[in-house]
file my_file04.pdb (PDB, C-alpha atoms)
ATOM      1  CA  MET A 517      10.340 -14.573  69.799
ATOM      2  CA  THR A 518       6.611 -14.324  69.131
ATOM      3  CA  GLN A 519       5.116 -14.599  65.664
ATOM      4  CA  ALA A 520       3.639 -11.370  64.256
ATOM      5  CA  TYR A 521       0.015 -11.458  63.121
ATOM      6  CA  PRO A 522      -1.515 -11.305  60.641
ATOM      7  CA  LEU A 523       0.491 -14.175  59.216
ATOM      8  CA  ALA A 524       0.078 -15.225  55.564
ATOM      9  CA  ARG A 525       0.296 -18.981  54.953
ATOM     10  CA  GLU A 526       0.206 -21.228  51.920
ATOM     11  CA  ARG A 527      -0.067 -24.998  52.112
ATOM     12  CA  HIS A 528      -0.891 -27.375  49.274
ATOM     13  CA  GLY A 529      -1.773 -24.416  47.032
ATOM     14  CA  ILE A 530      -4.255 -22.970  49.550
ATOM     15  CA  ARG A 531      -3.534 -19.440  50.744
ATOM     16  CA  TYR A 532      -4.933 -18.024  53.965
ATOM     17  CA  THR A 533      -3.967 -15.437  56.546
ATOM     18  CA  LEU A 534      -4.078 -16.137  60.274
ATOM     19  CA  LEU A 535      -5.336 -13.014  62.041
ATOM     20  CA  ALA A 536      -4.388 -14.303  65.508
ATOM     21  CA  ALA A 537      -2.525 -17.265  66.957
ATOM     22  CA  PRO A 538      -4.739 -20.361  66.669
ATOM     23  CA  ASP A 539      -5.238 -22.734  69.563
ATOM     24  CA  SER A 540      -6.712 -26.212  69.787
ATOM     25  CA  GLY A 541     -10.266 -24.866  70.100
ATOM     26  CA  GLN A 542     -10.397 -22.012  67.608
ATOM     27  CA  ALA A 543      -8.715 -20.100  64.809
ATOM     28  CA  HIS A 544      -9.372 -16.750  63.125
ATOM     29  CA  PHE A 545      -8.236 -16.378  59.524
ATOM     30  CA  THR A 546      -9.113 -14.953  56.107
ATOM     31  CA  PHE A 547      -9.127 -16.625  52.698
ATOM     32  CA  THR A 548     -10.665 -16.007  49.292
ATOM     33  CA  GLY A 549     -13.604 -17.911  47.896
ATOM     34  CA  ASN A 550     -16.792 -17.607  45.916
ATOM     35  CA  PHE A 551     -20.046 -16.307  47.400
ATOM     36  CA  GLN A 552     -23.141 -15.701  45.305
ATOM     37  CA  ASN A 553     -21.083 -15.723  42.094
ATOM     38  CA  GLN A 554     -18.501 -13.224  43.358
ATOM     39  CA  GLU A 555     -14.931 -13.733  44.518
ATOM     40  CA  ILE A 556     -14.757 -12.429  48.095
ATOM     41  CA  VAL A 557     -12.570 -12.501  51.172
ATOM     42  CA  TRP A 558     -13.978 -14.640  53.967
ATOM     43  CA  ASP A 559     -13.300 -13.569  57.562
ATOM     44  CA  ALA A 560     -13.488 -16.978  59.231
ATOM     45  CA  THR A 561     -13.820 -17.881  62.879
ATOM     46  CA  PHE A 562     -13.330 -21.637  63.103
ATOM     47  CA  LEU A 563     -14.226 -23.465  66.312
ATOM     48  CA  THR A 564     -14.550 -26.994  67.557
ATOM     49  CA  LEU A 565     -18.133 -27.696  68.535
ATOM     50  CA  ALA A 566     -16.962 -28.189  72.139
ATOM     51  CA  CYS A 567     -15.279 -24.752  72.146
ATOM     52  CA  TYR A 568     -18.439 -23.170  70.729
ATOM     53  CA  HIS A 569     -20.530 -24.936  73.383
ATOM     54  CA  SER A 570     -18.262 -23.735  76.195
ATOM     55  CA  GLY A 571     -18.880 -20.143  75.109
ATOM     56  CA  GLN A 572     -22.664 -20.492  75.310
ATOM     57  CA  PRO A 573     -24.805 -19.872  78.421
ATOM     58  CA  ALA A 574     -24.754 -22.629  81.021
ATOM     59  CA  SER A 575     -27.706 -25.000  81.156
ATOM     60  CA  SER A 576     -29.047 -27.328  83.826
ATOM     61  CA  GLN A 577     -30.287 -29.671  81.063
ATOM     62  CA  PRO A 578     -28.346 -31.526  78.372
ATOM     63  CA  VAL A 579     -27.950 -29.480  75.181
ATOM     64  CA  VAL A 580     -27.912 -30.898  71.658
ATOM     65  CA  ARG A 581     -25.741 -29.058  69.144
ATOM     66  CA  SER A 582     -24.915 -29.668  65.497
ATOM     67  CA  ALA A 583     -21.993 -28.590  63.374
ATOM     68  CA  PHE A 584     -22.774 -25.413  61.479
ATOM     69  CA  LEU A 585     -21.729 -22.632  59.141
ATOM     70  CA  GLU A 586     -23.017 -19.180  59.982
ATOM     71  CA  ILE A 587     -22.611 -16.486  57.336
ATOM     72  CA  GLY A 588     -22.859 -12.893  58.455
ATOM     73  CA  GLY A 589     -22.271  -9.531  56.869
ATOM     74  CA  ALA A 590     -19.252  -7.806  55.457
ATOM     75  CA  GLY A 591     -16.708  -6.388  57.909
ATOM     76  CA  ALA A 592     -13.213  -4.942  58.080
ATOM     77  CA  HIS A 593     -11.549  -8.234  57.058
ATOM     78  CA  GLY A 594     -14.215  -9.561  54.653
ATOM     79  CA  ARG A 595     -17.553 -11.373  54.921
ATOM     80  CA  ALA A 596     -17.909 -13.025  58.323
ATOM     81  CA  ILE A 597     -18.298 -16.774  58.501
ATOM     82  CA  ARG A 598     -18.323 -18.838  61.670
ATOM     83  CA  ILE A 599     -17.587 -22.532  61.256
ATOM     84  CA  ALA A 600     -18.149 -24.978  64.126
ATOM     85  CA  LEU A 601     -17.253 -28.609  63.481
ATOM     86  CA  ASP A 602     -17.457 -31.604  65.786
ATOM     87  CA  ILE A 603     -13.732 -32.328  65.714
ATOM     88  CA  ALA A 604     -11.260 -32.856  68.545
ATOM     89  CA  GLU A 605      -8.991 -29.904  67.779
ATOM     90  CA  ILE A 606      -8.160 -27.142  65.345
ATOM     91  CA  ASP A 607      -4.895 -27.715  63.515
ATOM     92  CA  GLU A 608      -3.547 -26.762  60.107
ATOM     93  CA  PRO A 609      -5.072 -29.771  58.274
ATOM     94  CA  ALA A 610      -8.477 -28.902  59.789
ATOM     95  CA  ILE A 611      -8.106 -25.268  58.666
ATOM     96  CA  LEU A 612      -7.243 -26.408  55.142
ATOM     97  CA  ARG A 613     -10.224 -28.816  55.056
ATOM     98  CA  SER A 614     -12.567 -26.047  56.264
ATOM     99  CA  ILE A 615     -11.380 -23.737  53.451
ATOM    100  CA  ILE A 616     -11.900 -26.484  50.876
ATOM    101  CA  MET A 617     -15.371 -27.205  52.310
ATOM    102  CA  ILE A 618     -16.436 -23.538  52.033
ATOM    103  CA  ARG A 619     -15.003 -23.211  48.530
ATOM    104  CA  ASN A 620     -16.867 -26.352  47.405
ATOM    105  CA  TYR A 621     -20.219 -25.424  48.983
ATOM    106  CA  LYS A 622     -22.233 -24.089  46.015
ATOM    107  CA  ARG A 623     -25.418 -22.721  47.602
ATOM    108  CA  LEU A 624     -24.160 -20.609  50.474
ATOM    109  CA  HIS A 625     -26.378 -17.789  51.648
ATOM    110  CA  PRO A 626     -26.469 -15.576  54.735
ATOM    111  CA  GLY A 627     -27.646 -17.246  57.912
ATOM    112  CA  ARG A 628     -26.977 -20.467  59.772
ATOM    113  CA  HIS A 629     -26.582 -23.847  58.054
ATOM    114  CA  GLU A 630     -26.585 -26.832  60.441
ATOM    115  CA  PHE A 631     -25.448 -30.251  59.279
ATOM    116  CA  GLY A 632     -24.150 -33.611  60.453
ATOM    117  CA  GLU A 633     -25.035 -35.764  63.412
ATOM    118  CA  PRO A 634     -26.153 -33.755  66.460
ATOM    119  CA  ARG A 635     -24.100 -34.168  69.627
ATOM    120  CA  GLU A 636     -25.426 -34.004  73.174
ATOM    121  CA  PHE A 637     -23.465 -31.977  75.727
ATOM    122  CA  ALA A 638     -23.908 -32.621  79.441
ATOM    123  CA  PRO A 639     -25.450 -29.959  81.695
ATOM    124  CA  ARG A 640     -22.986 -27.286  82.763
ATOM    125  CA  ALA A 641     -23.288 -25.013  85.781
ATOM    126  CA  ALA A 642     -22.720 -21.281  85.447
ATOM    127  CA  GLY A 643     -19.358 -20.293  86.646
TER
END
call {"tool": "encode", "arguments": {"input": "my_file04.pdb", "output": "structure tokens"}}
result
Amino acid sequence: MTQAYPLARERHGIRYTLLAAPDSGQAHFTFTGNFQNQEIVWDATFLTLACYHSGQPASSQPVVRSAFLEIGGAGAHGRAIRIALDIAEIDEPAILRSIIMIRNYKRLHPGRHEFGEPREFAPRAAG
């Protein structure tokens, strides 16, 4: 039997709703948090940095990428946020840590926020 989505979850007092089945490279979920002094619903797409990289155009040269948060506009499920972290896989503890990170980040504003040590990815042929 397959799990129906959206799927509301609560772990360690943190509530979120999975909008689709997560896999090791990405998850799509909503949660509440503060943004510019207002309580909002975040529509989060959470990716490993490697998964994000694999979705970008191929390059014949090495590419350097950093972890990032990218805050977009409001949509059907809330304000869009894309989170790419240099972690091995997306699992429930990583989802919970990402929610805590966003909730604790005090100066969020629209746009892209890069952070952490950059990582170099090897050239990748188009295919």
call {"tool": "residues_around", "arguments": {"input": "my_file04.pdb", "residues": "Gly529 (chain A)", "least_positions_apart": "6", "cutoff": "12 Å", "atoms": "all atoms listed in the file", "output": "mmCIF file with C-alpha atoms, in the frame of the given file"}}
result
data_model
loop_
_atom_site.group_PDB
_atom_site.id
_atom_site.type_symbol
_atom_site.label_atom_id
_atom_site.label_comp_id
_atom_site.auth_asym_id
_atom_site.auth_seq_id
_atom_site.Cartn_x
_atom_site.Cartn_y
_atom_site.Cartn_z
ATOM 1 C CA LEU A 612 -7.243 -26.408 55.142
ATOM 2 C CA ILE A 615 -11.380 -23.737 53.451
ATOM 3 C CA ILE A 616 -11.900 -26.484 50.876
#
call {"tool": "residues_around", "arguments": {"input": "my_file04.pdb", "residues": "region 548-561 of chain A", "least_positions_apart": "3", "cutoff": "7 Å", "atoms": "all atoms listed in the file", "output": "list in words"}}
result
Ala543, His544, Phe545, His593, Gly594, Arg595, Ala596, Ile597, Arg598, Ile599, Arg619 and Leu624 of chain A
call {"tool": "closest_residue", "arguments": {"input": "my_file04.pdb", "among": "A:Arg635, A:Leu534, A:Gly627, A:Tyr521", "to": "Pro578 (chain A)", "atoms": "only C-alpha atoms"}}
result
A:Arg635
call {"tool": "resolve_selection", "arguments": {"input": "my_file04.pdb", "expression": "the PyMOL selection byres ((chain A and resi 566) around 12)", "output": "PyMOL selection string"}}
result
chain A and resi 540-542+562-565+567-572+579-583+600-606+635-638
call {"tool": "write_last_selection", "arguments": {"input": "my_file04.pdb", "atoms": "C-alpha atoms", "output": "PDB file, in the frame of the given file"}}
result
ATOM      1  CA  SER A 540      -6.712 -26.212  69.787  1.00  0.00           C
ATOM      2  CA  GLY A 541     -10.266 -24.866  70.100  1.00  0.00           C
ATOM      3  CA  GLN A 542     -10.397 -22.012  67.608  1.00  0.00           C
ATOM      4  CA  PHE A 562     -13.330 -21.637  63.103  1.00  0.00           C
ATOM      5  CA  LEU A 563     -14.226 -23.465  66.312  1.00  0.00           C
ATOM      6  CA  THR A 564     -14.550 -26.994  67.557  1.00  0.00           C
ATOM      7  CA  LEU A 565     -18.133 -27.696  68.535  1.00  0.00           C
ATOM      8  CA  CYS A 567     -15.279 -24.752  72.146  1.00  0.00           C
ATOM      9  CA  TYR A 568     -18.439 -23.170  70.729  1.00  0.00           C
ATOM     10  CA  HIS A 569     -20.530 -24.936  73.383  1.00  0.00           C
ATOM     11  CA  SER A 570     -18.262 -23.735  76.195  1.00  0.00           C
ATOM     12  CA  GLY A 571     -18.880 -20.143  75.109  1.00  0.00           C
ATOM     13  CA  GLN A 572     -22.664 -20.492  75.310  1.00  0.00           C
ATOM     14  CA  VAL A 579     -27.950 -29.480  75.181  1.00  0.00           C
ATOM     15  CA  VAL A 580     -27.912 -30.898  71.658  1.00  0.00           C
ATOM     16  CA  ARG A 581     -25.741 -29.058  69.144  1.00  0.00           C
ATOM     17  CA  SER A 582     -24.915 -29.668  65.497  1.00  0.00           C
ATOM     18  CA  ALA A 583     -21.993 -28.590  63.374  1.00  0.00           C
ATOM     19  CA  ALA A 600     -18.149 -24.978  64.126  1.00  0.00           C
ATOM     20  CA  LEU A 601     -17.253 -28.609  63.481  1.00  0.00           C
ATOM     21  CA  ASP A 602     -17.457 -31.604  65.786  1.00  0.00           C
ATOM     22  CA  ILE A 603     -13.732 -32.328  65.714  1.00  0.00           C
ATOM     23  CA  ALA A 604     -11.260 -32.856  68.545  1.00  0.00           C
ATOM     24  CA  GLU A 605      -8.991 -29.904  67.779  1.00  0.00           C
ATOM     25  CA  ILE A 606      -8.160 -27.142  65.345  1.00  0.00           C
ATOM     26  CA  ARG A 635     -24.100 -34.168  69.627  1.00  0.00           C
ATOM     27  CA  GLU A 636     -25.426 -34.004  73.174  1.00  0.00           C
ATOM     28  CA  PHE A 637     -23.465 -31.977  75.727  1.00  0.00           C
ATOM     29  CA  ALA A 638     -23.908 -32.621  79.441  1.00  0.00           C
TER      30      ALA A 638
END
call {"tool": "axis_aligned_box", "arguments": {"input": "my_file04.pdb", "around": "region 552-556 of chain A", "padding_each_side": "5 Å", "output": "AutoDock Vina command-line options"}}
result
--center_x -18.9 --center_y -14.1 --center_z 45.1 --size_x 18.4 --size_y 13.3 --size_z 16.0
call {"tool": "build_atoms", "arguments": {"input": "my_file04.pdb", "residues": "region 614-625 of chain A", "atoms": "all heavy atoms", "output": "PDB file, in the coordinates of the input"}}
result
ATOM      1  N   SER A 614     -11.434 -26.975  56.146  1.00  0.00           N
ATOM      2  CA  SER A 614     -12.567 -26.047  56.264  1.00  0.00           C
ATOM      3  C   SER A 614     -12.600 -25.085  55.073  1.00  0.00           C
ATOM      4  O   SER A 614     -13.672 -24.767  54.557  1.00  0.00           O
ATOM      5  CB  SER A 614     -12.520 -25.280  57.585  1.00  0.00           C
ATOM      6  OG  SER A 614     -11.511 -24.294  57.583  1.00  0.00           O
ATOM      7  N   ILE A 615     -11.438 -24.624  54.619  1.00  0.00           N
ATOM      8  CA  ILE A 615     -11.380 -23.737  53.451  1.00  0.00           C
ATOM      9  C   ILE A 615     -11.892 -24.471  52.218  1.00  0.00           C
ATOM     10  O   ILE A 615     -12.711 -23.935  51.457  1.00  0.00           O
ATOM     11  CB  ILE A 615      -9.936 -23.212  53.246  1.00  0.00           C
ATOM     12  CG1 ILE A 615      -9.559 -22.270  54.392  1.00  0.00           C
ATOM     13  CG2 ILE A 615      -9.813 -22.511  51.885  1.00  0.00           C
ATOM     14  CD1 ILE A 615      -8.085 -21.876  54.417  1.00  0.00           C
ATOM     15  N   ILE A 616     -11.431 -25.693  52.024  1.00  0.00           N
ATOM     16  CA  ILE A 616     -11.900 -26.484  50.876  1.00  0.00           C
ATOM     17  C   ILE A 616     -13.403 -26.688  50.953  1.00  0.00           C
ATOM     18  O   ILE A 616     -14.112 -26.564  49.941  1.00  0.00           O
ATOM     19  CB  ILE A 616     -11.144 -27.838  50.817  1.00  0.00           C
ATOM     20  CG1 ILE A 616      -9.679 -27.589  50.467  1.00  0.00           C
ATOM     21  CG2 ILE A 616     -11.804 -28.793  49.822  1.00  0.00           C
ATOM     22  CD1 ILE A 616      -8.777 -28.794  50.692  1.00  0.00           C
ATOM     23  N   MET A 617     -13.937 -26.996  52.138  1.00  0.00           N
ATOM     24  CA  MET A 617     -15.371 -27.205  52.310  1.00  0.00           C
ATOM     25  C   MET A 617     -16.150 -25.956  51.900  1.00  0.00           C
ATOM     26  O   MET A 617     -17.123 -26.041  51.147  1.00  0.00           O
ATOM     27  CB  MET A 617     -15.681 -27.560  53.773  1.00  0.00           C
ATOM     28  CG  MET A 617     -17.154 -27.720  54.072  1.00  0.00           C
ATOM     29  SD  MET A 617     -17.479 -28.133  55.802  1.00  0.00           S
ATOM     30  CE  MET A 617     -17.041 -26.615  56.627  1.00  0.00           C
ATOM     31  N   ILE A 618     -15.727 -24.784  52.364  1.00  0.00           N
ATOM     32  CA  ILE A 618     -16.436 -23.538  52.033  1.00  0.00           C
ATOM     33  C   ILE A 618     -16.337 -23.268  50.535  1.00  0.00           C
ATOM     34  O   ILE A 618     -17.321 -22.895  49.894  1.00  0.00           O
ATOM     35  CB  ILE A 618     -15.874 -22.343  52.835  1.00  0.00           C
ATOM     36  CG1 ILE A 618     -16.061 -22.568  54.340  1.00  0.00           C
ATOM     37  CG2 ILE A 618     -16.505 -21.028  52.392  1.00  0.00           C
ATOM     38  CD1 ILE A 618     -17.462 -22.850  54.778  1.00  0.00           C
ATOM     39  N   ARG A 619     -15.168 -23.447  49.973  1.00  0.00           N
ATOM     40  CA  ARG A 619     -15.003 -23.211  48.530  1.00  0.00           C
ATOM     41  C   ARG A 619     -15.842 -24.163  47.689  1.00  0.00           C
ATOM     42  O   ARG A 619     -16.275 -23.805  46.601  1.00  0.00           O
ATOM     43  CB  ARG A 619     -13.530 -23.331  48.143  1.00  0.00           C
ATOM     44  CG  ARG A 619     -12.719 -22.156  48.611  1.00  0.00           C
ATOM     45  CD  ARG A 619     -11.284 -22.305  48.217  1.00  0.00           C
ATOM     46  NE  ARG A 619     -10.518 -21.090  48.534  1.00  0.00           N
ATOM     47  CZ  ARG A 619      -9.206 -21.018  48.484  1.00  0.00           C
ATOM     48  NH1 ARG A 619      -8.491 -22.081  48.095  1.00  0.00           N
ATOM     49  NH2 ARG A 619      -8.596 -19.893  48.786  1.00  0.00           N
ATOM     50  N   ASN A 620     -16.089 -25.376  48.165  1.00  0.00           N
ATOM     51  CA  ASN A 620     -16.867 -26.352  47.405  1.00  0.00           C
ATOM     52  C   ASN A 620     -18.373 -26.256  47.626  1.00  0.00           C
ATOM     53  O   ASN A 620     -19.138 -26.839  46.877  1.00  0.00           O
ATOM     54  CB  ASN A 620     -16.398 -27.774  47.726  1.00  0.00           C
ATOM     55  CG  ASN A 620     -15.056 -28.070  47.117  1.00  0.00           C
ATOM     56  OD1 ASN A 620     -14.660 -27.471  46.122  1.00  0.00           O
ATOM     57  ND2 ASN A 620     -14.331 -28.998  47.714  1.00  0.00           N
ATOM     58  N   TYR A 621     -18.802 -25.558  48.660  1.00  0.00           N
ATOM     59  CA  TYR A 621     -20.219 -25.424  48.983  1.00  0.00           C
ATOM     60  C   TYR A 621     -20.831 -24.441  47.990  1.00  0.00           C
ATOM     61  O   TYR A 621     -20.497 -23.264  47.980  1.00  0.00           O
ATOM     62  CB  TYR A 621     -20.363 -24.902  50.420  1.00  0.00           C
ATOM     63  CG  TYR A 621     -21.657 -25.254  51.092  1.00  0.00           C
ATOM     64  CD1 TYR A 621     -21.660 -25.989  52.265  1.00  0.00           C
ATOM     65  CD2 TYR A 621     -22.870 -24.817  50.598  1.00  0.00           C
ATOM     66  CE1 TYR A 621     -22.840 -26.298  52.925  1.00  0.00           C
ATOM     67  CE2 TYR A 621     -24.058 -25.126  51.229  1.00  0.00           C
ATOM     68  CZ  TYR A 621     -24.033 -25.862  52.396  1.00  0.00           C
ATOM     69  OH  TYR A 621     -25.197 -26.152  53.039  1.00  0.00           O
ATOM     70  N   LYS A 622     -21.736 -24.898  47.137  1.00  0.00           N
ATOM     71  CA  LYS A 622     -22.233 -24.089  46.015  1.00  0.00           C
ATOM     72  C   LYS A 622     -23.404 -23.166  46.359  1.00  0.00           C
ATOM     73  O   LYS A 622     -23.605 -22.167  45.714  1.00  0.00           O
ATOM     74  CB  LYS A 622     -22.648 -24.990  44.843  1.00  0.00           C
ATOM     75  CG  LYS A 622     -21.519 -25.832  44.318  1.00  0.00           C
ATOM     76  CD  LYS A 622     -20.399 -24.983  43.777  1.00  0.00           C
ATOM     77  CE  LYS A 622     -19.287 -25.849  43.232  1.00  0.00           C
ATOM     78  NZ  LYS A 622     -18.003 -25.223  43.216  1.00  0.00           N
ATOM     79  N   ARG A 623     -24.206 -23.498  47.340  1.00  0.00           N
ATOM     80  CA  ARG A 623     -25.418 -22.721  47.602  1.00  0.00           C
ATOM     81  C   ARG A 623     -25.375 -21.983  48.930  1.00  0.00           C
ATOM     82  O   ARG A 623     -26.347 -21.953  49.666  1.00  0.00           O
ATOM     83  CB  ARG A 623     -26.630 -23.629  47.545  1.00  0.00           C
ATOM     84  CG  ARG A 623     -26.918 -24.070  46.122  1.00  0.00           C
ATOM     85  CD  ARG A 623     -28.131 -24.959  46.041  1.00  0.00           C
ATOM     86  NE  ARG A 623     -27.713 -26.128  45.277  1.00  0.00           N
ATOM     87  CZ  ARG A 623     -27.879 -27.371  45.641  1.00  0.00           C
ATOM     88  NH1 ARG A 623     -28.483 -27.658  46.750  1.00  0.00           N
ATOM     89  NH2 ARG A 623     -27.445 -28.351  44.896  1.00  0.00           N
ATOM     90  N   LEU A 624     -24.266 -21.363  49.228  1.00  0.00           N
ATOM     91  CA  LEU A 624     -24.160 -20.609  50.474  1.00  0.00           C
ATOM     92  C   LEU A 624     -25.013 -19.359  50.413  1.00  0.00           C
ATOM     93  O   LEU A 624     -25.120 -18.715  49.368  1.00  0.00           O
ATOM     94  CB  LEU A 624     -22.705 -20.215  50.732  1.00  0.00           C
ATOM     95  CG  LEU A 624     -21.753 -21.331  51.124  1.00  0.00           C
ATOM     96  CD1 LEU A 624     -20.334 -20.799  51.208  1.00  0.00           C
ATOM     97  CD2 LEU A 624     -22.163 -21.950  52.442  1.00  0.00           C
ATOM     98  N   HIS A 625     -25.616 -19.028  51.518  1.00  0.00           N
ATOM     99  CA  HIS A 625     -26.378 -17.789  51.648  1.00  0.00           C
ATOM    100  C   HIS A 625     -26.294 -17.335  53.097  1.00  0.00           C
ATOM    101  O   HIS A 625     -25.950 -18.122  53.987  1.00  0.00           O
ATOM    102  CB  HIS A 625     -27.828 -17.975  51.185  1.00  0.00           C
ATOM    103  CG  HIS A 625     -28.547 -19.083  51.901  1.00  0.00           C
ATOM    104  ND1 HIS A 625     -29.144 -18.924  53.121  1.00  0.00           N
ATOM    105  CD2 HIS A 625     -28.721 -20.384  51.565  1.00  0.00           C
ATOM    106  CE1 HIS A 625     -29.686 -20.070  53.503  1.00  0.00           C
ATOM    107  NE2 HIS A 625     -29.438 -20.971  52.578  1.00  0.00           N
TER     108      HIS A 625
END
